[in-house]
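Peer 1: Got a file for you: input-v9.txt, compact mmCIF, C-alpha atoms and all ligand atoms.
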```
# COMPACT_ATOMS: atom_id res chain seq x y z
CA MET A 152 -125.68 123.82 73.85
CA ILE A 153 -124.03 126.80 75.53
CA ARG A 154 -125.53 130.11 74.44
CA LEU A 155 -123.14 133.04 74.30
CA TYR A 156 -124.87 136.40 74.38
CA GLN A 157 -122.67 139.12 73.01
CA PHE A 158 -122.71 142.22 70.84
CA ARG A 159 -123.01 141.72 67.09
CA PRO A 160 -119.59 141.45 65.40
CA ALA A 161 -117.98 144.76 64.34
CA PHE A 162 -114.64 146.06 63.05
CA GLY A 163 -114.13 142.77 61.17
CA LEU A 164 -113.44 140.90 64.41
CA PRO A 165 -115.40 138.07 66.03
CA ASN A 166 -116.31 140.76 68.54
CA ALA A 167 -115.32 144.38 69.09
CA SER A 168 -115.83 143.88 72.82
CA PRO A 169 -112.62 142.26 74.07
CA PHE A 170 -114.56 140.63 76.91
CA CYS A 171 -116.98 138.99 74.47
CA MET A 172 -114.15 137.93 72.17
CA LYS A 173 -112.30 136.51 75.19
CA VAL A 174 -115.19 134.17 76.03
CA GLU A 175 -115.75 133.12 72.42
CA THR A 176 -112.03 132.42 72.07
CA TYR A 177 -112.01 130.44 75.32
CA LEU A 178 -114.95 128.30 74.12
CA ARG A 179 -113.06 127.54 70.92
CA MET A 180 -109.81 126.83 72.74
CA ALA A 181 -111.58 124.47 75.16
CA GLY A 182 -113.43 122.75 72.30
CA LEU A 183 -116.89 123.53 73.71
CA ALA A 184 -119.84 123.78 71.33
CA TYR A 185 -121.75 127.06 71.53
CA GLU A 186 -124.14 129.26 69.65
CA CYS A 187 -124.56 133.02 69.59
CA PRO A 188 -128.27 133.91 69.51
CA ARG A 189 -129.10 136.84 67.25
CA GLY A 190 -130.42 140.00 68.74
CA ALA A 191 -128.68 139.63 72.11
CA ASP A 192 -129.65 142.63 74.19
CA VAL A 193 -127.31 144.11 76.80
CA ARG A 194 -130.37 145.26 78.80
CA LYS A 195 -131.25 141.60 79.39
CA SER A 196 -127.82 140.81 80.82
CA PRO A 197 -127.97 140.11 84.58
CA LYS A 198 -125.14 142.59 85.14
CA GLY A 199 -126.04 145.04 82.39
CA LYS A 200 -122.87 144.20 80.48
CA MET A 201 -121.88 141.74 77.79
CA PRO A 202 -121.03 138.91 77.63
CA TYR A 203 -123.24 136.47 79.50
CA ILE A 204 -124.04 132.83 78.86
CA GLU A 205 -126.93 130.44 79.34
CA ASP A 206 -125.90 126.87 79.98
CA GLU A 207 -128.65 124.33 80.66
CA GLY A 208 -130.67 126.80 82.68
CA ALA A 209 -127.70 128.46 84.40
CA VAL A 210 -127.17 132.10 83.50
CA VAL A 211 -123.66 133.39 84.14
CA ALA A 212 -122.48 136.95 83.55
CA ASP A 213 -118.94 138.36 83.45
CA SER A 214 -116.23 136.83 81.27
CA SER A 215 -114.13 135.56 84.17
CA PHE A 216 -117.08 134.06 86.05
CA ILE A 217 -118.17 132.44 82.79
CA ILE A 218 -114.75 130.81 82.38
CA ASP A 219 -114.78 129.70 86.04
CA HIS A 220 -118.21 128.13 85.45
CA LEU A 221 -117.03 126.38 82.28
CA LYS A 222 -113.94 125.04 84.05
CA ARG A 223 -116.03 123.72 86.93
CA LYS A 224 -118.58 122.06 84.69
CA TYR A 225 -116.51 120.82 81.75
CA GLY A 226 -113.01 120.53 83.20
CA ASP A 227 -109.95 122.67 82.75
CA PRO A 228 -108.08 121.55 79.64
CA LEU A 229 -106.16 124.81 79.29
CA ASP A 230 -104.76 125.72 82.69
CA SER A 231 -104.34 122.49 84.62
CA HIS A 232 -100.68 122.20 83.58
CA LEU A 233 -99.78 125.58 85.11
CA GLY A 234 -97.95 125.80 88.43
CA ALA A 235 -98.83 128.34 91.12
CA ASP A 236 -96.24 130.89 89.95
CA ALA A 237 -97.40 130.73 86.32
CA ARG A 238 -101.02 131.09 87.44
CA ALA A 239 -100.16 134.11 89.53
CA ALA A 240 -98.28 135.78 86.66
CA ALA A 241 -101.09 134.95 84.22
CA LEU A 242 -103.69 136.48 86.53
CA ALA A 243 -101.61 139.66 86.88
CA VAL A 244 -101.32 140.07 83.10
CA GLN A 245 -105.01 139.32 82.65
CA ARG A 246 -106.00 141.90 85.26
CA MET A 247 -103.66 144.47 83.71
CA LEU A 248 -105.31 144.09 80.31
CA GLU A 249 -108.87 143.97 81.61
CA GLU A 250 -108.83 146.45 84.43
CA ASN A 251 -106.28 148.99 83.18
CA THR A 252 -105.31 148.69 79.50
CA TYR A 253 -108.98 148.33 78.53
CA TRP A 254 -109.71 151.89 79.65
CA THR A 255 -106.89 153.35 77.54
CA VAL A 256 -108.33 151.57 74.50
CA LEU A 257 -111.81 152.79 75.36
CA TYR A 258 -110.58 156.40 75.40
CA PHE A 259 -109.43 156.20 71.78
CA ARG A 260 -112.62 154.52 70.62
CA TRP A 261 -115.16 156.64 72.42
CA ILE A 262 -113.65 159.99 73.37
CA GLU A 263 -111.12 161.02 70.72
CA GLU A 264 -113.17 162.37 67.80
CA ALA A 265 -111.53 160.37 64.97
CA GLY A 266 -111.98 157.08 66.81
CA TRP A 267 -115.50 157.99 67.88
CA ALA A 268 -116.60 158.55 64.26
CA GLN A 269 -115.53 154.99 63.48
CA THR A 270 -116.94 153.51 66.65
CA ARG A 271 -120.29 155.22 66.12
CA ALA A 272 -120.54 153.94 62.55
CA ALA A 273 -119.46 150.40 63.44
CA PHE A 274 -121.51 149.96 66.63
CA PHE A 275 -124.65 151.94 65.83
CA GLY A 276 -124.70 152.39 62.04
CA TRP A 277 -127.13 149.47 61.65
CA MET A 278 -129.80 151.14 63.82
CA ASN A 279 -132.79 152.89 62.32
CA PRO A 280 -133.56 156.56 63.01
CA PRO A 281 -134.26 157.98 65.51
CA LEU A 282 -132.38 155.36 67.60
CA LYS A 283 -129.19 155.77 65.57
CA TRP A 284 -129.13 159.45 66.51
CA ILE A 285 -130.04 159.05 70.18
CA VAL A 286 -128.39 155.82 71.36
CA PRO A 287 -124.77 156.69 70.36
CA ALA A 288 -124.87 160.02 72.21
CA VAL A 289 -126.33 158.40 75.34
CA ALA A 290 -123.83 155.52 75.20
CA ARG A 291 -120.93 157.95 74.73
CA ARG A 292 -122.04 159.98 77.73
CA ILE A 293 -122.12 156.80 79.85
CA VAL A 294 -118.65 155.72 78.68
CA ARG A 295 -117.27 159.20 79.44
CA LYS A 296 -118.73 158.95 82.95
CA GLU A 297 -117.34 155.45 83.43
CA LEU A 298 -113.89 156.57 82.31
CA HIS A 299 -114.06 159.36 84.86
CA GLY A 300 -115.30 156.96 87.56
CA HIS A 301 -112.49 154.51 86.83
CA GLY A 302 -109.99 157.33 86.99
CA MET A 303 -108.46 156.86 83.52
CA GLY A 304 -110.68 159.61 82.15
CA ARG A 305 -109.15 162.12 84.56
CA HIS A 306 -105.74 161.85 82.91
CA THR A 307 -104.56 163.89 79.94
CA ARG A 308 -104.40 162.27 76.53
CA ASP A 309 -100.60 162.05 76.78
CA GLU A 310 -100.83 160.39 80.17
CA ILE A 311 -103.36 157.86 78.86
CA VAL A 312 -101.03 157.08 75.96
CA ALA A 313 -98.10 156.62 78.36
CA ILE A 314 -100.14 154.25 80.57
CA GLY A 315 -101.35 152.18 77.61
CA MET A 316 -97.89 151.99 76.04
CA LYS A 317 -96.36 150.72 79.27
CA ASP A 318 -98.98 147.98 79.44
CA PHE A 319 -98.45 146.87 75.85
CA THR A 320 -94.68 146.86 76.35
CA ALA A 321 -95.21 144.68 79.43
CA ALA A 322 -97.42 142.33 77.40
CA ALA A 323 -94.81 142.13 74.62
CA ASP A 324 -92.02 141.47 77.12
CA PHE A 325 -94.09 138.86 78.93
CA LEU A 326 -94.76 137.04 75.65
CA GLY A 327 -91.15 137.38 74.53
CA ASP A 328 -90.38 134.67 71.99
CA LYS A 329 -92.78 132.13 73.49
CA PRO A 330 -95.56 130.86 71.20
CA TYR A 331 -98.21 131.51 73.87
CA PHE A 332 -98.37 133.80 76.85
CA THR A 333 -97.62 131.14 79.44
CA GLY A 334 -95.25 129.05 77.34
CA ALA A 335 -95.33 126.35 74.71
CA ARG A 336 -98.98 125.41 75.39
CA PRO A 337 -101.98 127.72 75.10
CA SER A 338 -103.71 128.66 78.35
CA SER A 339 -106.80 130.68 79.20
CA LEU A 340 -104.68 133.84 79.44
CA ASP A 341 -104.36 133.59 75.66
CA ALA A 342 -108.12 134.05 75.31
CA THR A 343 -107.78 137.42 77.04
CA ALA A 344 -104.49 138.41 75.42
CA TYR A 345 -105.62 137.61 71.89
CA ALA A 346 -108.95 139.37 72.36
CA PHE A 347 -107.34 142.54 73.68
CA LEU A 348 -104.44 142.65 71.21
CA ALA A 349 -106.61 141.96 68.15
CA ASN A 350 -108.98 144.67 69.38
CA VAL A 351 -106.15 147.18 69.03
CA LEU A 352 -104.13 145.82 66.11
CA TRP A 353 -106.94 144.79 63.79
CA VAL A 354 -109.49 147.56 64.22
CA PRO A 355 -109.64 150.65 62.02
CA VAL A 356 -109.27 153.04 64.98
CA GLU A 357 -105.84 154.63 64.61
CA SER A 358 -104.11 155.62 67.82
CA PRO A 359 -100.65 155.95 69.35
CA LEU A 360 -101.46 152.70 71.16
CA LYS A 361 -101.92 150.84 67.90
CA GLN A 362 -98.68 152.31 66.55
CA HIS A 363 -96.94 151.19 69.71
CA VAL A 364 -98.29 147.62 69.53
CA ARG A 365 -97.09 147.46 65.92
CA LYS A 366 -93.52 148.02 67.14
CA TYR A 367 -93.55 144.51 68.59
CA PRO A 368 -93.63 142.00 65.73
CA GLN A 369 -94.11 139.15 68.21
CA LEU A 370 -97.55 140.54 69.13
CA GLU A 371 -98.81 140.60 65.54
CA ALA A 372 -97.30 137.14 64.88
CA TYR A 373 -98.99 135.88 68.04
CA CYS A 374 -102.39 137.21 66.93
CA GLN A 375 -101.96 135.57 63.52
CA ARG A 376 -101.10 132.29 65.25
CA MET A 377 -104.17 132.45 67.50
CA LYS A 378 -106.42 133.34 64.55
CA GLN A 379 -105.17 130.47 62.40
CA GLN A 380 -105.47 128.02 65.27
CA TYR A 381 -108.87 128.99 66.69
CA TYR A 382 -110.68 130.86 63.92
CA PRO A 383 -109.45 129.05 60.78
CA GLY A 384 -110.98 130.42 57.60
CA LYS A 385 -112.60 133.39 59.40
N1 LIG A 401 -115.97 142.50 83.86
C1 LIG A 401 -116.82 142.33 82.71
C2 LIG A 401 -116.66 143.53 81.78
C3 LIG A 401 -117.60 143.45 80.59
C4 LIG A 401 -117.72 144.79 79.89
O1 LIG A 401 -117.17 145.80 80.29
N2 LIG A 401 -118.49 144.79 78.80
C5 LIG A 401 -118.74 146.01 78.07
C6 LIG A 401 -118.33 145.87 76.60
S1 LIG A 401 -116.60 145.70 76.38
C7 LIG A 401 -120.23 146.29 78.06
O2 LIG A 401 -121.05 145.40 78.01
N3 LIG A 401 -120.61 147.56 78.05
C8 LIG A 401 -121.98 147.94 77.87
C9 LIG A 401 -122.49 148.77 78.95
O3 LIG A 401 -121.75 149.01 79.94
O4 LIG A 401 -123.64 149.19 78.82
C10 LIG A 401 -116.46 141.02 82.02
O5 LIG A 401 -115.33 140.52 82.23
O6 LIG A 401 -117.30 140.46 81.30
```
Before anything else, please render the file you have as structure tokens.
Peer 2:
Amino acid sequence: MIRLYQFRPAFGLPNASPFCMKVETYLRMAGLAYECPRGADVRKSPKGKMPYIEDEGAVVADSSFIIDHLKRKYGDPLDSHLGADARAAALAVQRMLEENTYWTVLYFRWIEEAGWAQTRAAFFGWMNPPLKWIVPAVARRIVRKELHGHGMGRHTRDEIVAIGMKDFTAAADFLGDKPYFTGARPSSLDATAYAFLANVLWVPVESPLKQHVRKYPQLEAYCQRMKQQYYPGK
């Protein structure tokens, strides 16, 4: 059985890490059996980030490499119908969400004080003292540094909002009135899109980004559709 190592669930979502939720959603979409061992520890991840998987002795880290591995080993039920142009467009949207939009979301969770209070409680509230006092501050310092390293953290709040809003508008326009991001059939891009959209729409962190996403009813309807289809009763 595939073992998915990820953070414990938070914010009422399968996972508050969009990368972890992406892989869990992909596994469900592809109909692959998996388990999530308790007590997964990010320090044991080969790349120091979640998620990673163990699959019959193979350890694979990074959500996209995990999906590549799963496709190679178990076949590609989700993307084999896509032509080259659809694949190219899907990859561009995926990269936008993961490599750009992600950092705008991170800013409102970890840097802005109101969001940070909720993130700290949800991610670290279960820890015992003194860890619950030390770990959040250390983790926040690392995220601040990473935001700076990426470049997003060098922008003003208004600029970060403008960047994030453009991305979510692009996602809404790309989806349009299609049921799934690449058309009538779900594809692996939907694992990413659902994970990232739910991680804005359905978390308690209020932000101009969340307000902006709410302006597009097709995005909320899409998330509801994905939830009913792949997480029924959850
Ligand atoms: N490119 C990686 C990104 C994974 C990632 O950024 N994971 C974050 C959580 S959303 C993480 O584990 N952060 C913990 C850390 O950096 O210590 C993937 O696609 O899996």
Peer 1: Mind running chain A against ligand LIG 401 (chain A) at 6 Å and telling me each contacting residue's nearest atom pair with the distance in Å (one decimal), counting all atoms listed in the file, chain and number ascending, as JSON lines?
Peer 2:
```
{"residue": "A:Ser168", "atom": "CA", "partner": "A:LIG401", "partner_atom": "S1", "distance": 4.1}
{"residue": "A:Pro169", "atom": "CA", "partner": "A:LIG401", "partner_atom": "S1", "distance": 5.7}
{"residue": "A:Phe170", "atom": "CA", "partner": "A:LIG401", "partner_atom": "O6", "distance": 5.2}
{"residue": "A:Gly199", "atom": "CA", "partner": "A:LIG401", "partner_atom": "O4", "distance": 6.0}
{"residue": "A:Lys200", "atom": "CA", "partner": "A:LIG401", "partner_atom": "O2", "distance": 3.3}
{"residue": "A:Met201", "atom": "CA", "partner": "A:LIG401", "partner_atom": "O2", "distance": 3.8}
{"residue": "A:Pro202", "atom": "CA", "partner": "A:LIG401", "partner_atom": "O6", "distance": 5.5}
{"residue": "A:Asp213", "atom": "CA", "partner": "A:LIG401", "partner_atom": "O6", "distance": 3.4}
{"residue": "A:Ser214", "atom": "CA", "partner": "A:LIG401", "partner_atom": "O6", "distance": 3.8}
{"residue": "A:Ser215", "atom": "CA", "partner": "A:LIG401", "partner_atom": "O5", "distance": 5.5}
```
Peer 1: Could you state the separation of CA of Leu340 (chain A) and CA of Glu297 (chain A) in Å, given to one decimal place?
Peer 2: 25.4 Å
Peer 1: To one decimal place in Å, what is the distance between CA of Gly226 (chain A) and CA of Leu326 (chain A)?
Peer 2: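 Between these atoms lies a distance of 25.7 Å.
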Peer 1: When distances are computed from only C-alpha atoms, which of A:Val211, A:Leu360, A:Ile218, A:Val354 shows the smallest separation from Val174 (chain A)?
Peer 2: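 Closest residue, counting only C-alpha atoms: A:Ile218.
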Peer 1: For Gln245 (chain A), list every protein, DNA or RNA residue within 12 Å, evaluated using all atoms listed in the file, and leave out those in the same chain fewer than 2 positions away; present the list as number ranges by chain.
Peer 2: A: 169-170, 173, 214-215, 238-243, 247-253, 318, 321-322, 325, 332-333, 338-348
Peer 1: List as a VMD selection string the protein and nucleic acid residues near Lys224 (chain A), meaning an atom at most 12 Å away when all atoms listed in the file are counted, but skip any in the same chain fewer than 5 places from it.
Peer 2: chain A and resid 153 183 206 to 207 209 217 to 219
Peer 1: Around (-105.7, 160.2, 81.5) in the file's own coordinates, what residues are found within 12 Å if you use only C-alpha atoms, given back as an MDAnalysis selection string?
Peer 2: chainID A and resid 251:252 254:259 262 295 298:315
Peer 1: With all atoms listed in the file as the atoms that count, which of A:Met152, A:Ala161, A:Cys187, A:Leu370 lies nearest to Gly208 (chain A)?
Peer 2: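 The closest residue to Gly208 (chain A) is A:Met152.
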Peer 1: So, with all atoms listed in the file as the atoms that count, which of A:Trp353, A:Phe216, A:Tyr367, A:Tyr185 lies closest to Lys198 (chain A)?
Peer 2: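 Ranked by minimum distance to Lys198 (chain A), first place goes to A:Phe216.
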Peer 1: How about completing region 227-247 of chain A with N, CA, C and O atoms and giving it to me as a compact mmCIF listing (two decimals), in the frame of the given file?
Peer 2:
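Below is the file that was written, out23.txt:
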```
# COMPACT_ATOMS: atom_id res chain seq x y z
N ASP A 227 -110.87 121.54 82.98
CA ASP A 227 -109.95 122.67 82.75
C ASP A 227 -108.81 122.22 81.84
O ASP A 227 -107.69 122.00 82.29
N PRO A 228 -109.12 122.09 80.54
CA PRO A 228 -108.08 121.55 79.64
C PRO A 228 -106.94 122.53 79.37
O PRO A 228 -105.89 122.13 78.88
N LEU A 229 -107.15 123.81 79.70
CA LEU A 229 -106.16 124.81 79.29
C LEU A 229 -105.17 125.19 80.38
O LEU A 229 -104.03 125.56 80.07
N ASP A 230 -105.62 125.16 81.63
CA ASP A 230 -104.76 125.72 82.69
C ASP A 230 -104.25 124.71 83.69
O ASP A 230 -103.46 125.05 84.58
N SER A 231 -104.69 123.44 83.56
CA SER A 231 -104.34 122.49 84.62
C SER A 231 -102.85 122.19 84.66
O SER A 231 -102.34 121.72 85.69
N HIS A 232 -102.12 122.49 83.59
CA HIS A 232 -100.68 122.20 83.58
C HIS A 232 -99.86 123.32 84.26
O HIS A 232 -98.67 123.19 84.46
N LEU A 233 -100.53 124.43 84.59
CA LEU A 233 -99.78 125.58 85.11
C LEU A 233 -99.50 125.44 86.61
O LEU A 233 -100.39 125.07 87.38
N GLY A 234 -98.29 125.77 87.02
CA GLY A 234 -97.95 125.80 88.43
C GLY A 234 -98.44 127.10 89.06
O GLY A 234 -98.91 128.01 88.37
N ALA A 235 -98.29 127.18 90.39
CA ALA A 235 -98.83 128.34 91.12
C ALA A 235 -98.20 129.65 90.64
O ALA A 235 -98.88 130.67 90.51
N ASP A 236 -96.89 129.64 90.36
CA ASP A 236 -96.24 130.89 89.95
C ASP A 236 -96.73 131.34 88.57
O ASP A 236 -96.97 132.53 88.34
N ALA A 237 -96.91 130.38 87.66
CA ALA A 237 -97.40 130.73 86.32
C ALA A 237 -98.84 131.24 86.39
O ALA A 237 -99.22 132.19 85.69
N ARG A 238 -99.64 130.63 87.26
CA ARG A 238 -101.02 131.09 87.44
C ARG A 238 -101.07 132.52 87.98
O ARG A 238 -101.87 133.34 87.56
N ALA A 239 -100.19 132.78 88.93
CA ALA A 239 -100.16 134.11 89.53
C ALA A 239 -99.76 135.15 88.48
O ALA A 239 -100.39 136.22 88.37
N ALA A 240 -98.74 134.83 87.69
CA ALA A 240 -98.28 135.78 86.66
C ALA A 240 -99.37 135.97 85.61
O ALA A 240 -99.63 137.10 85.15
N ALA A 241 -100.03 134.87 85.23
CA ALA A 241 -101.09 134.95 84.22
C ALA A 241 -102.24 135.84 84.71
O ALA A 241 -102.77 136.67 83.96
N LEU A 242 -102.60 135.68 85.98
CA LEU A 242 -103.69 136.48 86.53
C LEU A 242 -103.31 137.97 86.54
O LEU A 242 -104.13 138.84 86.21
N ALA A 243 -102.05 138.25 86.85
CA ALA A 243 -101.61 139.66 86.88
C ALA A 243 -101.69 140.27 85.48
O ALA A 243 -102.14 141.42 85.32
N VAL A 244 -101.26 139.53 84.47
CA VAL A 244 -101.32 140.07 83.10
C VAL A 244 -102.78 140.23 82.65
O VAL A 244 -103.15 141.24 82.05
N GLN A 245 -103.59 139.24 83.00
CA GLN A 245 -105.01 139.32 82.65
C GLN A 245 -105.66 140.56 83.28
O GLN A 245 -106.36 141.33 82.62
N ARG A 246 -105.40 140.75 84.56
CA ARG A 246 -106.00 141.90 85.26
C ARG A 246 -105.48 143.22 84.69
O ARG A 246 -106.21 144.20 84.59
N MET A 247 -104.21 143.25 84.31
CA MET A 247 -103.66 144.47 83.71
C MET A 247 -104.46 144.81 82.45
O MET A 247 -104.92 145.95 82.28
```
